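J.: Okay, handing you the structure first.
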Number of protein chains: 4
Amino acid sequence: MKSVSIIGVTSYTGVELLRLLSQHPGFVVTSATARSAVGKRLDEIFPQLAAVVREESKAGVDPTLVITEEPEPTDLAFVCLPHAAAAESVVKLLERGVKVVDLSADFRLRDVNVYEEWYKHTHPAPALLETAVYGLCERYRERIQDASLVANPGCHVTTALLGLIPAFANGLVERDVIIDSKSGISGAGRSLALANHFAEANEGVDAYGLAGHRHMPEIKQELEAAAVDGGYPIANGLRITFVPHRIPMTRGLLATSYTDLKLDSTGRAPTTAEVRAIYKQYYAHEPFVHVVDQPPQTKWTYGSNHCFVHPIVDTRTNRLIVVSCLDNLVKGAAGQAIQCANRVYGFPETMGIDNVGINP
Amino acid sequence: MKSVSIIGVTSYTGVELLRLLSQHPGFVVTSATARSAVGKRLDEIFPQLAAVVREESKAGVDPTLVITEEPEPTDLAFVCLPHAAAAESVVKLLERGVKVVDLSADFRLRDVNVYEEWYKHTHPAPALLETAVYGLCERYRERIQDASLVANPGCHVTTALLGLIPAFANGLVERDVIIDSKSGISGAGRSLALANHFAEANEGVDAYGLAGHRHMPEIKQELEAAAVDGGYPIANGLRITFVPHRIPMTRGLLATSYTDLKLDSTGRAPTTAEVRAIYKQYYAHEPFVHVVDQPPQTKWTYGSNHCFVHPIVDTRTNRLIVVSCLDNLVKGAAGQAIQCANRVYGFPETMGIDNVGINP
Amino acid sequence: MKSVSIIGVTSYTGVELLRLLSQHPGFVVTSATARSAVGKRLDEIFPQLAAVVREESKAGVDPTLVITEEPEPTDLAFVCLPHAAAAESVVKLLERGVKVVDLSADFRLRDVNVYEEWYKHTHPAPALLETAVYGLCERYRERIQDASLVANPGCHVTTALLGLIPAFANGLVERDVIIDSKSGISGAGRSLALANHFAEANEGVDAYGLAGHRHMPEIKQELEAAAVDGGYPIANGLRITFVPHRIPMTRGLLATSYTDLKLDSTGRAPTTAEVRAIYKQYYAHEPFVHVVDQPPQTKWTYGSNHCFVHPIVDTRTNRLIVVSCLDNLVKGAAGQAIQCANRVYGFPETMGIDNVGINP
Amino acid sequence: MKSVSIIGVTSYTGVELLRLLSQHPGFVVTSATARSAVGKRLDEIFPQLAAVVREESKAGVDPTLVITEEPEPTDLAFVCLPHAAAAESVVKLLERGVKVVDLSADFRLRDVNVYEEWYKHTHPAPALLETAVYGLCERYRERIQDASLVANPGCHVTTALLGLIPAFANGLVERDVIIDSKSGISGAGRSLALANHFAEANEGVDAYGLAGHRHMPEIKQELEAAAVDGGYPIANGLRITFVPHRIPMTRGLLATSYTDLKLDSTGRAPTTAEVRAIYKQYYAHEPFVHVVDQPPQTKWTYGSNHCFVHPIVDTRTNRLIVVSCLDNLVKGAAGQAIQCANRVYGFPETMGIDNVGINP
């Protein structure tokens, strides 16, 4: 039984960790922090937690736990703070010997210059960038189990990567990538903002980040790395356009990715059947990634850690289209963080997060 | 490990049973029927089930199970058919020695005349009305554990009953009851109907069943029984008005109930604090019913078997108002059915259904 | 052509006035104020207004109008401020000879003591309570046309009143009234609040104001007045319980009202047909109130000034149930305000607000 | 005053025509057909129409009009039938001298072979393809005013075309086009289908038509024509991928289009400012198309005939991204049909459809 703290518990990723950990047999939450709620019990902020069923034999979450400003010592900490603040917290935790899964963007980019270009401030702890392991178990599970600091990927990036990595790792596609990503409103977080008001967001779709979104360089880094590791490095790097959209639903993220298939010497592109077979083989042993023969719906993943991937060839243009989707708060955040933490402690990777999506 | 069949698996209650049982350590689904889907695998109808994580040590659901017309022999059957068809199926199952949890209305009313008045057809198996046990564990858990046939209450009725039973069992209120009930659209089932189309139901609220709804006599029967059992029988019976409403959300059911408090000899009504203390005591040991001090939201219960109850006195009119809510497909259907089945086999009552609601 | 100002234009009632007035042939908006947006153009705050089609022959709205702190002189002002602030603004406007339609609660209650009991502050201008006319054209259209100050009713109240006034004006019912009211989220206004966030409000229903809501005394005042004016005064006054609920939709308000029918000397209650005939006669010449034979849906009224009313007798209990619904921002706010303003200037009452609801 | 019939009035485009024409001063609906509703009054099918405010001076819609199987003679007919059935109806109407605006796909493609390849049946009236005029006023308003048969474009196509035509007409871009289109559920029509059920569609996004969608060749035809007419013909034709998505909202359509900008001889691409200036000039005199400097939201267009277009250059890749949006039932169907009909009779093009969107 490992003790964990949640740093920044009043966020949507914080409360989602509470929900998932309340069912987890290997972790117990013994500390939770949030500057805005010091002295309050968890169930005062999140009244639905009053329903936690507590049994002797079970670890999990005590809804009467009192929120503090600074964390108590625990085996592991999940950090749910905004970037920059997250890095400062991570440094302190590591110094005290606490293992960390950081859900912010602070340790995801390997190149400090890229980080500083996109996040517009000096990185608080560049030395840690080398030791941090990118928290995508489907790519780095061996290294995650030895990590003291895991940089958990975000929802847009995880969806795009799981959809495109098999194509780049197997050298199927050229350097041009367009990712049109659609996210539920909870992805914008729990802070107040007019755009996230029900009356503003309902019955509306819009694009944002058109001038360049911070998640693009992270997608670029990881797709290029997958190409290199697969033996198909991309000359001159990827030429990516990434456009996120707001969708009037609470949860769910679906990315539609467009790439150009490489043609063989006769000018022939691989067929859908060929591409799909490669994808199915790539993910054959993954418990959370499922290659499907019909276009998936975000609803299939609601409340679960699963991701569905559907590659298809546009035969008129020789483009590969990949639709991939997941729950932005689970596989796109808290569930993936627990998946990494399971790996860190040698628990089965699916422990506590193996439920299927709620449907309808 | 007990084997179960789901009769009528292509309904929303059917698929919700599949979801919940896929995590249940005590039951394994070995048979599923549906006239419209004979020969198909479960995951052809419900593709999200492809994500079921299967482990050696685990019971649950095999998504490749093939749907049949008639059930295979199992220890227990969950019947998810429309009324009348359900009773016919139940008779056959009981004859074969299968225990049954029936999710239809066929065995909920004790008086066959009331049934035939409201359902407008001859009851197919009136003899079973005496042996059937009403599947509300909060009232009848002792009898459920000896039952061969459990009549599982529906969503509107469960919500109203859990909100009002403590008041009637403790003699707090008079005979006048108004129940204004608000249900998500999944309550209307999976059959096609224009009123349930997204474009018709979204951004719309309406009332239905205003001329008299079949759930009213069931609420009447159970509240009057609670009053009798508590030692406060209602002279001349209850005077109930029950009006259900359709709400543009997938899941969730909230009932607002209005009753008149009994006054003491000095003309004084009990206070909110007094009423709430009685409610809290009544439900003190219930794992799924929670008396709360702030008005609950249906969202607190999303995907869970929990029910939140909030009684409050309107001091200007001496009325008792009770707000109660739950997830119509879990505590209002499939979760409650599993709660009963747990009881039938002596499993802990919360087994496999002890998660908290998904939020946000 | 009359000039109008909108005081507090950045509210939802403010922008709804802009939308409706952009089509109105009799009014032109020449001034708009909002403390938080001084110096900005209307279409900077509400970019959809860039689409206003401007023609020579047409009055209406210029989307490039610049928002000021203080209003310019106009014939009439619509005041869209919170209570108390509204009254202060109204006093100044009236002193300058501007006619006012006030959308706040400040001048709706005739008894200053009731106002101060419920709003917990001293009324800023009690002398005006006598001259203010309650802005429900269906009751007071003659007096509205001579008014300098119209107190426009709110959405919950308008819905309840239009549903119940015919019953009280015709002496059909007793003093007990329960109003269960369901409102879309835009009713909570445009100010930031966590409860109104999409991720918090979507897939959720809850009740609020259970300890007593400010709109209750206003409903009481107007139903009692209707009873008196109809010749059926209520001995000891009404015994009202009013409970509003939040519904996950942008617009729409539906009230379900429960009352006890008076019985004749033989103990017989009127039938649905009899009650409905009385209602149809009562509203026979109303352009915006429609008595219908099937339960109406809020969606029927989307974006329109119409209200649908459906009375039905519960024959088992001799209760009269009335379902009434409207668009909270139109007939429940801005549309009704224009209806009053039309009356003030002798325009046809339906001018500029005679469209039907958007459906689906 | 011109008389019109609506053929297939029980569709969503049919009822939207009724809503819009109820406010139109130049047209009166004197005939409505629908095989499934013969003998019924309009307001029996669409009860919200009971609220139509009828005045002497006004044309429009009589909600008591009885639906027939065959149309009465009128000046013009709007045909709202599925393809193939539409063409058969159009032939008969034209023979009787009725002008037609056809909302189906039957006369949109100029090349009968392309039609038969995509629609998999023999065209019922290929001779009419030459006389039919494509109903996009922004391109063909001169020819529409002389047309007896207008082929009204659909929602996905109108959105994509209005977003991309200025780029092709001005030779800004290369032949590669990716259109990622997001549509509200009403776009799927009023026929029953499980995928359009509230409980299935809510909280879900998915892609469809991935193997090739019928609207793609229509987009190709019109963009290539715009390029030719602008003097920048596309060698070898466009290489288009078009992927539509279902979004959980009733109305609204947003297309995000990705193209490659042509570089000048120094390898420089035009800037956002340059592109936007070209777009603004292109649409300078259009009443319904608005080039905006911030990303538009579908909600801006709710219930209106307006379209917002937002072009922006991705400077890292020299791609032109264009976001365009409209209401699928208005500018994407019924509103555009009336815009064409206005043109046919020499009415102002904006007559009866000049309102702004409902917001929030």
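Each chain in the structure tokens gets a letter, A, B and so on, in the order shown; residues start at 1 in every chain, and ligands are counted from 1 in the order they appear.
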What does chain B look like after a least-squares fit onto chain D on every Cα paired in order, written as a compact mmCIF listing (two decimals) with C-alpha atoms, in the first residue's frame?

T.:
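Writing the result to selection.txt gives the following:
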```
# COMPACT_ATOMS: atom_id res chain seq x y z
CA MET B 1 -47.19 38.48 -53.21
CA LYS B 2 -46.09 35.09 -54.54
CA SER B 3 -47.65 31.77 -53.60
CA VAL B 4 -45.35 28.90 -52.68
CA SER B 5 -45.67 25.21 -51.91
CA ILE B 6 -43.42 23.12 -49.71
CA ILE B 7 -42.95 19.59 -51.00
CA GLY B 8 -42.01 17.30 -48.12
CA VAL B 9 -43.02 19.65 -45.33
CA THR B 10 -42.46 17.23 -42.44
CA SER B 11 -38.68 17.39 -42.82
CA TYR B 12 -36.50 19.74 -40.78
CA THR B 13 -35.91 21.86 -43.87
CA GLY B 14 -39.68 21.91 -44.38
CA VAL B 15 -40.48 23.20 -40.93
CA GLU B 16 -37.62 25.68 -41.08
CA LEU B 17 -39.11 27.08 -44.29
CA LEU B 18 -42.43 27.43 -42.46
CA ARG B 19 -40.77 29.32 -39.63
CA LEU B 20 -38.94 31.72 -41.91
CA LEU B 21 -41.79 32.21 -44.36
CA SER B 22 -44.18 32.99 -41.48
CA GLN B 23 -42.27 36.31 -41.27
CA HIS B 24 -41.74 36.89 -44.99
CA PRO B 25 -43.68 39.80 -46.54
CA GLY B 26 -43.40 38.53 -50.11
CA PHE B 27 -44.37 34.86 -50.00
CA VAL B 28 -47.43 33.02 -48.78
CA VAL B 29 -47.46 29.25 -48.30
CA THR B 30 -50.62 27.95 -49.93
CA SER B 31 -49.72 24.28 -50.32
CA ALA B 32 -47.74 21.72 -48.34
CA THR B 33 -47.27 18.04 -49.05
CA ALA B 34 -46.00 15.05 -47.09
CA ARG B 35 -46.88 11.46 -47.77
CA SER B 36 -46.81 10.52 -44.08
CA ALA B 37 -49.12 13.31 -42.91
CA VAL B 38 -51.83 13.70 -45.51
CA GLY B 39 -54.96 15.29 -44.04
CA LYS B 40 -53.26 16.76 -41.01
CA ARG B 41 -52.95 20.44 -40.28
CA LEU B 42 -49.48 21.97 -40.07
CA ASP B 43 -49.91 22.75 -36.38
CA GLU B 44 -50.80 19.13 -35.61
CA ILE B 45 -47.32 18.11 -36.76
CA PHE B 46 -45.53 21.21 -35.49
CA PRO B 47 -47.48 22.49 -32.47
CA GLN B 48 -45.20 25.51 -32.00
CA LEU B 49 -46.76 26.96 -35.17
CA ALA B 50 -49.96 27.56 -33.23
CA ALA B 51 -48.18 30.71 -32.11
CA VAL B 52 -47.99 32.28 -35.57
CA VAL B 53 -49.24 35.83 -35.20
CA ARG B 54 -51.49 36.52 -38.17
CA GLU B 55 -52.17 39.99 -39.33
CA GLU B 56 -54.12 41.30 -42.30
CA SER B 57 -51.15 43.01 -43.81
CA LYS B 58 -48.97 39.99 -43.69
CA ALA B 59 -48.22 37.07 -45.91
CA GLY B 60 -46.67 33.99 -44.50
CA VAL B 61 -48.02 30.82 -43.07
CA ASP B 62 -51.45 29.69 -41.95
CA PRO B 63 -50.89 27.01 -39.30
CA THR B 64 -54.25 25.44 -40.06
CA LEU B 65 -53.26 24.63 -43.65
CA VAL B 66 -54.02 20.97 -44.41
CA ILE B 67 -51.23 18.78 -45.77
CA THR B 68 -51.97 17.05 -49.08
CA GLU B 69 -50.37 14.27 -51.08
CA GLU B 70 -49.97 16.32 -54.28
CA PRO B 71 -49.16 20.05 -54.40
CA GLU B 72 -51.64 22.73 -55.40
CA PRO B 73 -50.54 25.08 -58.19
CA THR B 74 -48.27 27.85 -56.88
CA ASP B 75 -45.79 30.32 -58.30
CA LEU B 76 -42.84 28.55 -56.74
CA ALA B 77 -42.12 25.28 -54.93
CA PHE B 78 -39.48 24.42 -52.38
CA VAL B 79 -38.67 20.72 -52.75
CA CYS B 80 -37.53 19.05 -49.51
CA LEU B 81 -37.41 15.42 -50.61
CA PRO B 82 -34.59 12.87 -50.59
CA HIS B 83 -32.52 12.67 -53.79
CA ALA B 84 -34.13 10.81 -56.74
CA ALA B 85 -37.60 11.42 -55.30
CA ALA B 86 -36.78 15.11 -55.52
CA ALA B 87 -35.87 14.96 -59.21
CA GLU B 88 -39.11 13.22 -60.05
CA SER B 89 -41.09 15.88 -58.24
CA VAL B 90 -39.09 18.67 -59.85
CA VAL B 91 -39.82 17.40 -63.36
CA LYS B 92 -43.56 17.47 -62.73
CA LEU B 93 -43.49 20.92 -61.15
CA LEU B 94 -41.50 22.46 -63.99
CA GLU B 95 -43.88 20.95 -66.51
CA ARG B 96 -46.70 22.81 -64.81
CA GLY B 97 -44.77 26.04 -65.00
CA VAL B 98 -43.89 26.19 -61.32
CA LYS B 99 -40.49 27.62 -60.50
CA VAL B 100 -38.49 25.36 -58.23
CA VAL B 101 -35.87 25.67 -55.53
CA ASP B 102 -34.72 22.10 -54.95
CA LEU B 103 -33.02 21.47 -51.59
CA SER B 104 -31.87 17.95 -52.56
CA ALA B 105 -28.59 17.02 -54.24
CA ASP B 106 -30.19 16.03 -57.53
CA PHE B 107 -29.25 19.06 -59.61
CA ARG B 108 -26.09 20.27 -57.93
CA LEU B 109 -23.54 18.24 -59.87
CA ARG B 110 -23.12 19.31 -63.47
CA ASP B 111 -21.66 16.03 -64.68
CA VAL B 112 -24.24 13.24 -64.76
CA ASN B 113 -21.50 10.62 -64.55
CA VAL B 114 -20.19 12.04 -61.30
CA TYR B 115 -23.74 12.06 -59.96
CA GLU B 116 -24.32 8.44 -60.90
CA GLU B 117 -20.95 7.34 -59.51
CA TRP B 118 -21.70 8.84 -56.10
CA TYR B 119 -25.45 8.36 -55.83
CA LYS B 120 -25.47 4.85 -57.33
CA HIS B 121 -28.55 5.22 -59.50
CA THR B 122 -29.51 6.57 -62.90
CA HIS B 123 -30.30 10.26 -62.84
CA PRO B 124 -34.04 10.71 -63.37
CA ALA B 125 -33.74 13.92 -65.39
CA PRO B 126 -30.25 14.52 -66.75
CA ALA B 127 -31.50 17.02 -69.30
CA LEU B 128 -32.26 19.47 -66.52
CA LEU B 129 -28.68 19.54 -65.28
CA GLU B 130 -27.85 22.18 -67.84
CA THR B 131 -30.64 24.55 -66.99
CA ALA B 132 -30.35 24.18 -63.22
CA VAL B 133 -28.47 27.01 -61.52
CA TYR B 134 -26.36 26.33 -58.45
CA GLY B 135 -28.04 28.23 -55.65
CA LEU B 136 -25.09 30.00 -54.10
CA CYS B 137 -26.00 33.68 -54.47
CA GLU B 138 -22.49 34.73 -53.52
CA ARG B 139 -21.34 33.17 -56.79
CA TYR B 140 -24.32 32.97 -59.14
CA ARG B 141 -26.87 35.60 -58.15
CA GLU B 142 -27.20 36.98 -61.67
CA ARG B 143 -28.06 33.59 -63.10
CA ILE B 144 -30.34 32.66 -60.21
CA GLN B 145 -32.64 35.57 -60.96
CA ASP B 146 -33.36 34.09 -64.39
CA ALA B 147 -33.58 30.48 -63.26
CA SER B 148 -36.62 28.25 -63.28
CA LEU B 149 -34.74 25.58 -61.33
CA VAL B 150 -32.33 26.39 -58.51
CA ALA B 151 -30.19 23.63 -57.00
CA ASN B 152 -29.77 24.77 -53.42
CA PRO B 153 -26.41 23.72 -51.88
CA GLY B 154 -26.31 21.78 -48.63
CA CYS B 155 -24.85 22.74 -45.29
CA HIS B 156 -21.39 21.13 -45.36
CA VAL B 157 -20.80 22.34 -48.90
CA THR B 158 -21.96 25.93 -48.35
CA THR B 159 -19.72 26.27 -45.32
CA ALA B 160 -16.66 24.89 -47.06
CA LEU B 161 -17.25 26.91 -50.23
CA LEU B 162 -17.76 30.24 -48.48
CA GLY B 163 -14.56 29.55 -46.53
CA LEU B 164 -12.42 28.63 -49.54
CA ILE B 165 -13.77 30.35 -52.65
CA PRO B 166 -11.88 33.63 -52.10
CA ALA B 167 -8.61 31.70 -51.82
CA PHE B 168 -9.16 29.84 -55.09
CA ALA B 169 -10.70 32.77 -56.95
CA ASN B 170 -7.63 34.81 -56.09
CA GLY B 171 -5.08 32.10 -56.80
CA LEU B 172 -3.74 32.05 -53.26
CA VAL B 173 -3.47 28.31 -52.76
CA GLU B 174 -2.29 25.03 -54.24
CA ARG B 175 -4.39 22.00 -55.09
CA ASP B 176 -4.28 20.20 -51.74
CA VAL B 177 -7.37 20.71 -49.58
CA ILE B 178 -8.46 19.09 -46.34
CA ILE B 179 -11.87 20.00 -44.96
CA ASP B 180 -12.72 18.87 -41.44
CA SER B 181 -16.42 19.63 -41.01
CA LYS B 182 -18.44 19.56 -37.78
CA SER B 183 -22.23 19.41 -37.91
CA GLY B 184 -25.06 19.58 -35.39
CA ILE B 185 -27.39 16.59 -35.23
CA SER B 186 -30.34 18.24 -37.01
CA GLY B 187 -28.25 17.89 -40.17
CA ALA B 188 -29.10 14.20 -40.11
CA GLY B 189 -32.78 14.99 -40.64
CA ARG B 190 -36.01 14.09 -38.90
CA SER B 191 -36.15 10.39 -39.80
CA LEU B 192 -35.67 7.96 -36.95
CA ALA B 193 -32.16 6.57 -36.45
CA LEU B 194 -30.52 5.21 -33.34
CA ALA B 195 -27.38 7.29 -33.90
CA ASN B 196 -29.46 10.46 -33.63
CA HIS B 197 -31.12 9.51 -30.36
CA PHE B 198 -30.36 11.93 -27.57
CA ALA B 199 -28.83 9.26 -25.35
CA GLU B 200 -26.59 8.09 -28.21
CA ALA B 201 -25.52 11.46 -29.60
CA ASN B 202 -25.17 13.50 -26.43
CA GLU B 203 -21.62 13.70 -25.01
CA GLY B 204 -20.32 12.11 -28.19
CA VAL B 205 -18.38 13.16 -31.27
CA ASP B 206 -17.61 10.91 -34.20
CA ALA B 207 -16.56 11.07 -37.82
CA TYR B 208 -18.55 9.50 -40.65
CA GLY B 209 -18.31 9.09 -44.40
CA LEU B 210 -14.59 8.41 -44.09
CA ALA B 211 -14.54 6.13 -47.12
CA GLY B 212 -15.80 9.01 -49.28
CA HIS B 213 -18.74 11.35 -48.81
CA ARG B 214 -21.12 12.50 -51.56
CA HIS B 215 -20.53 16.12 -50.78
CA MET B 216 -16.88 15.96 -51.75
CA PRO B 217 -17.37 16.02 -55.56
CA GLU B 218 -19.70 18.99 -55.18
CA ILE B 219 -17.08 20.95 -53.24
CA LYS B 220 -14.49 19.97 -55.85
CA GLN B 221 -16.70 21.11 -58.72
CA GLU B 222 -17.38 24.52 -57.21
CA LEU B 223 -13.87 25.30 -55.99
CA GLU B 224 -12.42 24.36 -59.35
CA ALA B 225 -15.02 26.55 -61.06
CA ALA B 226 -14.15 29.45 -58.76
CA ALA B 227 -10.48 28.99 -59.62
CA VAL B 228 -11.25 29.00 -63.34
CA ASP B 229 -13.53 32.02 -63.11
CA GLY B 230 -10.92 33.86 -61.10
CA GLY B 231 -8.27 33.13 -63.71
CA TYR B 232 -6.31 30.64 -61.66
CA PRO B 233 -7.33 27.21 -62.93
CA ILE B 234 -6.02 24.24 -60.96
CA ALA B 235 -3.84 21.97 -63.03
CA ASN B 236 -4.97 18.34 -62.61
CA GLY B 237 -7.82 19.41 -60.37
CA LEU B 238 -8.09 19.58 -56.62
CA ARG B 239 -6.90 16.85 -54.27
CA ILE B 240 -9.59 17.06 -51.63
CA THR B 241 -10.24 15.13 -48.45
CA PHE B 242 -13.52 15.94 -46.76
CA VAL B 243 -14.47 14.42 -43.39
CA PRO B 244 -17.77 15.30 -41.70
CA HIS B 245 -18.29 14.87 -37.94
CA ARG B 246 -21.37 14.70 -35.72
CA ILE B 247 -21.38 17.19 -32.82
CA PRO B 248 -23.76 17.06 -29.83
CA MET B 249 -25.70 20.22 -30.65
CA THR B 250 -28.96 20.76 -32.49
CA ARG B 251 -27.83 23.31 -35.05
CA GLY B 252 -24.60 24.71 -36.38
CA LEU B 253 -21.92 23.72 -38.81
CA LEU B 254 -18.26 24.66 -38.64
CA ALA B 255 -15.65 23.74 -41.21
CA THR B 256 -11.92 23.97 -40.63
CA SER B 257 -10.17 23.91 -43.98
CA TYR B 258 -6.46 23.40 -44.55
CA THR B 259 -4.65 24.38 -47.76
CA ASP B 260 -1.09 25.17 -48.88
CA LEU B 261 -0.38 28.78 -49.76
CA LYS B 262 1.44 29.52 -53.01
CA LEU B 263 4.85 31.06 -52.34
CA ASP B 264 6.20 33.95 -54.33
CA SER B 265 9.48 33.73 -56.23
CA THR B 266 11.39 34.51 -53.04
CA GLY B 267 9.73 31.64 -51.23
CA ARG B 268 7.53 33.94 -49.19
CA ALA B 269 3.90 33.21 -48.37
CA PRO B 270 1.29 35.94 -47.95
CA THR B 271 0.65 37.06 -44.39
CA THR B 272 -2.58 36.71 -42.47
CA ALA B 273 -3.17 40.43 -42.93
CA GLU B 274 -2.76 40.15 -46.68
CA VAL B 275 -5.02 37.13 -46.97
CA ARG B 276 -7.64 38.64 -44.75
CA ALA B 277 -7.69 41.87 -46.75
CA ILE B 278 -8.36 39.83 -49.90
CA TYR B 279 -11.18 37.97 -48.16
CA LYS B 280 -12.71 41.17 -46.83
CA GLN B 281 -12.65 42.71 -50.26
CA TYR B 282 -14.15 39.60 -51.81
CA TYR B 283 -17.12 39.67 -49.44
CA ALA B 284 -17.31 43.46 -49.01
CA HIS B 285 -20.85 43.72 -50.37
CA GLU B 286 -22.25 40.43 -49.15
CA PRO B 287 -25.04 40.86 -46.61
CA PHE B 288 -24.64 37.36 -45.16
CA VAL B 289 -20.90 36.61 -45.23
CA HIS B 290 -18.68 38.27 -42.65
CA VAL B 291 -14.90 38.01 -42.50
CA VAL B 292 -13.89 38.28 -38.86
CA ASP B 293 -10.65 38.75 -36.96
CA GLN B 294 -11.37 36.28 -34.19
CA PRO B 295 -12.33 32.60 -34.55
CA PRO B 296 -16.12 32.49 -34.93
CA GLN B 297 -18.45 30.18 -33.02
CA THR B 298 -21.39 28.36 -34.62
CA LYS B 299 -23.59 29.90 -31.92
CA TRP B 300 -23.15 33.34 -33.52
CA THR B 301 -25.28 32.12 -36.42
CA TYR B 302 -28.04 30.30 -34.51
CA GLY B 303 -31.33 30.72 -36.35
CA SER B 304 -29.86 33.22 -38.83
CA ASN B 305 -28.77 33.21 -42.47
CA HIS B 306 -25.30 34.53 -41.70
CA CYS B 307 -21.92 32.93 -42.27
CA PHE B 308 -18.71 33.94 -40.52
CA VAL B 309 -15.33 33.32 -42.14
CA HIS B 310 -11.94 33.51 -40.44
CA PRO B 311 -8.80 32.93 -42.56
CA ILE B 312 -5.40 32.71 -40.86
CA VAL B 313 -1.92 31.75 -42.00
CA ASP B 314 0.03 29.08 -40.13
CA THR B 315 3.41 30.74 -40.55
CA ARG B 316 5.38 27.64 -39.52
CA THR B 317 4.02 25.58 -42.39
CA ASN B 318 2.78 28.22 -44.86
CA ARG B 319 -0.64 26.69 -44.69
CA LEU B 320 -3.81 28.72 -44.96
CA ILE B 321 -6.36 27.66 -42.34
CA VAL B 322 -9.93 28.89 -42.78
CA VAL B 323 -12.64 28.50 -40.17
CA SER B 324 -16.15 29.11 -41.49
CA CYS B 325 -19.51 28.51 -39.83
CA LEU B 326 -23.26 28.89 -40.25
CA ASP B 327 -26.60 27.47 -39.15
CA ASN B 328 -27.06 24.26 -41.12
CA LEU B 329 -30.85 24.69 -41.35
CA VAL B 330 -30.78 28.36 -42.41
CA LYS B 331 -27.83 29.43 -44.58
CA GLY B 332 -27.14 25.70 -44.98
CA ALA B 333 -30.70 24.94 -46.20
CA ALA B 334 -33.99 26.85 -45.81
CA GLY B 335 -32.61 30.38 -45.45
CA GLN B 336 -30.41 30.02 -48.50
CA ALA B 337 -33.39 28.63 -50.42
CA ILE B 338 -35.39 31.75 -49.56
CA GLN B 339 -32.40 33.93 -50.46
CA CYS B 340 -32.50 32.31 -53.91
CA ALA B 341 -36.28 32.65 -54.15
CA ASN B 342 -35.99 36.34 -53.25
CA ARG B 343 -33.57 36.73 -56.11
CA VAL B 344 -35.87 34.84 -58.51
CA TYR B 345 -38.67 37.35 -57.88
CA GLY B 346 -36.56 40.45 -57.64
CA PHE B 347 -37.21 40.91 -53.92
CA PRO B 348 -34.34 42.31 -51.87
CA GLU B 349 -32.04 39.33 -51.30
CA THR B 350 -32.26 39.70 -47.52
CA MET B 351 -36.05 39.93 -47.33
CA GLY B 352 -37.47 37.91 -44.44
CA ILE B 353 -34.08 36.44 -43.48
CA ASP B 354 -32.18 39.45 -42.14
CA ASN B 355 -32.27 38.67 -38.42
CA VAL B 356 -29.10 38.10 -36.41
CA GLY B 357 -28.34 34.88 -34.54
CA ILE B 358 -29.86 34.06 -31.18
CA ASN B 359 -27.24 34.41 -28.48
CA PRO B 360 -26.76 33.01 -25.94
```

J.: As a ChimeraX atom specification, please: every residue in segment 134-317 of chain C that a backbone DSSP assignment puts in alpha helix (DSSP H).

T.: /C:137-144,155-169,198-201,215-230,272-282

J.: Taking the backbone alone, and naming residues the way the document does, which bits of segment 159-264 of chain B are strand (DSSP E) by DSSP, as a VMD selection string?

T.: chain B and resid 173 to 184 206 to 207 239 to 247 253 to 261
